[in-house]
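*Asks:* Please read through the structure below; I'll follow up with questions.
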Amino acid sequence: MTHNLTEQYSIVNQFLLELRDKNIQQDRMRFRKNMERLGEIMAYEISKKLAYRKQSVETPLNKMETVILQNQPVLITILRAGLVYFQGFINLFDKSDCGFVGAYRIEGSDDITINLEYLATPSLEGKEVILIDPMLATGRSIIRTIQVLQKHGTPSHIHIATVISAPEGIKHIEENVTIPHTLWTCAIDERLDHQFYIVPGLGDAGDLSFGDKV
């Protein structure tokens with residue numbers, strides 16, 4: 001199942017516009033803040049699908065019953081572009097365990113290499129996992145990441161949280177992820193170009209957040 005937040009009008013559209021605008025995005029602090037805001041909005045939307053339990057609370061006037069999360073999801077982000085998007089999630093899921101994976105695409109190829117030196121994760125056995133990566137292009141980095149993460153336990157459900165997705169990447173996820181999963185995105189763009197970049201996209205999210213790679 002795929003949830004696309006821009007199927008409905010909301011403030012998400014404003015933040016996405018600013019992320020895409022080639023002039024506005026040169027303000028690096030604003031770019032990072034908009035990524036973080038979208039992370040918070042996406043975390044809120046995903047929270048609606050998690051399991052809850054009843055909890056009593058004593059107010060200054062009386063006791064009442066409410067509901068709280070049954071279990072905190074595990075937050076996993078793909079470095080380095082995912083860091084500022086991830087910040088929005090941890091702002092809301094501030095009690096969650098977190099993990100980090102270094103994944104990169106070899107330039108000039110659609111192959112994805114996972115650098116295991118950058119893998120750090122808690123046990124994932126039976127946990128709900130939110131896998132956080134702002135750009136879903138080919139989908140291969142997501143697939144390789146899930147394969148590596150399963151060495152640390154099989155999640156009960158994976159929520160794949162992106163900002164912008166390409167149809168090709170969505171299709172690749174649908175065809176290759178066998179664990180129960182849901183894809184969440186703020187926008188589905190037109191296509192990938194010959195270099196496997198999303199069109200119209202926004203450019204390189206990592207470079208725009210932290211500076212050009214060497």
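We label chains A, B, ... in the order they appear in the structure tokens, count residues from 1 in each chain, and number ligands from 1 in the order shown.
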As JSON, numbers by chain, which residues of segment 2-214 of chain A does DSSP assign to strand (DSSP E)?
*Replies:* {"A": [2, 3, 4, 52, 53, 54, 55, 56, 57, 58, 63, 64, 65, 66, 67, 68, 69, 74, 75, 76, 77, 78, 79, 98, 99, 100, 101, 102, 103, 104, 105, 112, 113, 114, 115, 116, 117, 118, 119, 120, 128, 129, 130, 131, 132, 135, 136, 157, 158, 159, 160, 161, 164, 165, 181, 182, 183, 184, 185, 187, 188, 191, 192, 198, 199]}
*Asks:* Got a sec: who's within 10 Å of Gly39 of chain A, counting only C-alpha atoms, leaving out chain neighbours fewer than 5 positions off, as JSON, numbers by chain?
*Replies:* {"A": [33, 34, 44, 45, 82, 84, 85, 86, 87, 88, 89, 90, 91, 92, 132, 134, 161, 162, 163, 186]}
*Asks:* Take the residues that were just selected and, keeping N, CA and C atoms, output them as a PDB file, in the first residue's frame.
*Replies:*
```pdb
ATOM      1  N   LYS A  33      15.311  22.801   7.454  1.00  0.00           N
ATOM      2  CA  LYS A  33      14.122  22.975   8.298  1.00  0.00           C
ATOM      3  C   LYS A  33      12.883  22.424   7.617  1.00  0.00           C
ATOM      4  N   ASN A  34      12.758  22.640   6.315  1.00  0.00           N
ATOM      5  CA  ASN A  34      11.596  22.111   5.597  1.00  0.00           C
ATOM      6  C   ASN A  34      11.619  20.588   5.557  1.00  0.00           C
ATOM      7  N   TYR A  44       3.613  11.986  12.143  1.00  0.00           N
ATOM      8  CA  TYR A  44       2.247  12.090  12.655  1.00  0.00           C
ATOM      9  C   TYR A  44       1.298  11.198  11.848  1.00  0.00           C
ATOM     10  N   GLU A  45       1.426  11.229  10.522  1.00  0.00           N
ATOM     11  CA  GLU A  45       0.541  10.416   9.685  1.00  0.00           C
ATOM     12  C   GLU A  45       0.761   8.926   9.947  1.00  0.00           C
ATOM     13  N   GLY A  82      19.333  11.277   4.762  1.00  0.00           N
ATOM     14  CA  GLY A  82      18.179  11.048   5.618  1.00  0.00           C
ATOM     15  C   GLY A  82      18.232  11.749   6.963  1.00  0.00           C
ATOM     16  N   VAL A  84      18.355  14.923   8.220  1.00  0.00           N
ATOM     17  CA  VAL A  84      17.467  16.026   8.608  1.00  0.00           C
ATOM     18  C   VAL A  84      16.002  15.598   8.543  1.00  0.00           C
ATOM     19  N   TYR A  85      15.647  14.743   7.609  1.00  0.00           N
ATOM     20  CA  TYR A  85      14.295  14.172   7.549  1.00  0.00           C
ATOM     21  C   TYR A  85      14.045  13.332   8.799  1.00  0.00           C
ATOM     22  N   PHE A  86      15.036  12.544   9.185  1.00  0.00           N
ATOM     23  CA  PHE A  86      14.985  11.723  10.396  1.00  0.00           C
ATOM     24  C   PHE A  86      14.740  12.579  11.641  1.00  0.00           C
ATOM     25  N   GLN A  87      15.310  13.779  11.687  1.00  0.00           N
ATOM     26  CA  GLN A  87      15.148  14.641  12.853  1.00  0.00           C
ATOM     27  C   GLN A  87      13.677  14.931  13.136  1.00  0.00           C
ATOM     28  N   GLY A  88      12.890  15.100  12.086  1.00  0.00           N
ATOM     29  CA  GLY A  88      11.461  15.325  12.264  1.00  0.00           C
ATOM     30  C   GLY A  88      10.776  14.144  12.920  1.00  0.00           C
ATOM     31  N   PHE A  89      11.200  12.930  12.581  1.00  0.00           N
ATOM     32  CA  PHE A  89      10.608  11.734  13.172  1.00  0.00           C
ATOM     33  C   PHE A  89      10.966  11.604  14.645  1.00  0.00           C
ATOM     34  N   ILE A  90      12.238  11.848  14.978  1.00  0.00           N
ATOM     35  CA  ILE A  90      12.652  11.679  16.364  1.00  0.00           C
ATOM     36  C   ILE A  90      12.110  12.803  17.241  1.00  0.00           C
ATOM     37  N   ASN A  91      11.751  13.935  16.633  1.00  0.00           N
ATOM     38  CA  ASN A  91      11.076  14.989  17.406  1.00  0.00           C
ATOM     39  C   ASN A  91       9.759  14.484  17.977  1.00  0.00           C
ATOM     40  N   LEU A  92       9.057  13.637  17.217  1.00  0.00           N
ATOM     41  CA  LEU A  92       7.769  13.111  17.662  1.00  0.00           C
ATOM     42  C   LEU A  92       7.904  11.778  18.397  1.00  0.00           C
ATOM     43  N   ILE A 132      13.649   5.484   6.983  1.00  0.00           N
ATOM     44  CA  ILE A 132      13.558   6.893   6.608  1.00  0.00           C
ATOM     45  C   ILE A 132      14.618   7.243   5.570  1.00  0.00           C
ATOM     46  N   PRO A 134      14.779  10.250   2.266  1.00  0.00           N
ATOM     47  CA  PRO A 134      13.950  11.255   1.580  1.00  0.00           C
ATOM     48  C   PRO A 134      13.682  10.996   0.105  1.00  0.00           C
ATOM     49  N   ALA A 161       9.397   5.551   4.658  1.00  0.00           N
ATOM     50  CA  ALA A 161       8.997   6.960   4.660  1.00  0.00           C
ATOM     51  C   ALA A 161       9.916   7.773   3.760  1.00  0.00           C
ATOM     52  N   THR A 162       9.358   8.339   2.701  1.00  0.00           N
ATOM     53  CA  THR A 162      10.123   9.139   1.752  1.00  0.00           C
ATOM     54  C   THR A 162       9.490  10.524   1.601  1.00  0.00           C
ATOM     55  N   VAL A 163      10.244  11.421   0.990  1.00  0.00           N
ATOM     56  CA  VAL A 163       9.690  12.732   0.635  1.00  0.00           C
ATOM     57  C   VAL A 163       9.228  12.720  -0.818  1.00  0.00           C
ATOM     58  N   CYS A 186       5.600  11.991   0.274  1.00  0.00           N
ATOM     59  CA  CYS A 186       4.955  13.308   0.157  1.00  0.00           C
ATOM     60  C   CYS A 186       4.597  13.631  -1.286  1.00  0.00           C
TER      61      CYS A 186
END
```
*Asks:* Do you have the atom CA of Gly169 of chain A-atom CA of Glu36 of chain A distance handy?
*Replies:*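 These two atoms are separated by 22.7 Å.
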*Asks:* Got a sec: who's within 12 Å of Asp21 of chain A, counting only C-alpha atoms, leaving out chain neighbours fewer than 3 positions off, as a VMD selection string?
*Replies:* chain A and resid 14 to 18 24 to 27 30 to 31 200 to 203 208
*Asks:* Counting only C-alpha atoms, which residue out of A:Asn62, A:Ser10, A:Ser165, A:Gln195 sits closest to Leu183 of chain A?
*Replies:* A:Ser165
*Asks:* I want to know what sits within 12 Å of His157 of chain A, based on only C-alpha atoms, with residues of the same chain fewer than 4 positions away left out; could you give that as a PyMOL selection string?
*Replies:* chain A and resi 46+49-51+73-74+124-131+146+150+153+177-183
*Asks:* For Ala43 of chain A, which residue among A:Asp94, A:Glu58, A:Glu7, A:Glu175 is the nearest when counting only C-alpha atoms?
*Replies:* A:Asp94
*Asks:* Show me, as number ranges by chain, the residues that have an atom within 9 Å of segment 135-142 of chain A when counting only C-alpha atoms, minus same-chain residues fewer than 2 positions from it.
*Replies:* A: 78, 81-82, 103-105, 110-114, 131, 133, 144-147, 160, 162-173, 185, 191-192, 196-198, 201, 204-205
*Asks:* Using backbone DSSP assignments, extract all helix (DSSP H, G or I) residues from segment 12-187 of chain A; output them as a PyMOL selection string.
*Replies:* chain A and resi 12-20+24-26+28-47+82-92+140-152+167-176
*Asks:* Just the number, please: distance in Å from atom CA of Gly102 of chain A to atom CA of Ile41 of chain A, one decimal.
*Replies:*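 Value for the atom CA of Gly102 of chain A-atom CA of Ile41 of chain A distance: 24.5 Å.
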*Asks:* Can you work out which one of A:Met1, A:Met64, A:Arg53, A:Ser96 has the shortest atom-to-atom distance to Ile158 of chain A, counting only C-alpha atoms?
*Replies:*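 Ranking A:Met1, A:Met64, A:Arg53, A:Ser96 by distance to Ile158 of chain A, first place goes to A:Met1.
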*Asks:* Work out how far atom CA of Val12 of chain A is from atom CA of Lys48 of chain A, in Å to one decimal.
*Replies:* 17.3 Å
*Asks:* Of the candidates A:Leu38, A:Leu61, A:Val148, A:Ala120, which one gets nearest to Leu75 of chain A if we count only C-alpha atoms?
*Replies:*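 Of all the options, A:Ala120 lies closest to Leu75 of chain A.
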*Asks:* Taking only C-alpha atoms into account, which of A:Met29, A:Leu69, A:Cys98, A:Leu5 comes nearest Leu119 of chain A?
*Replies:* A:Cys98
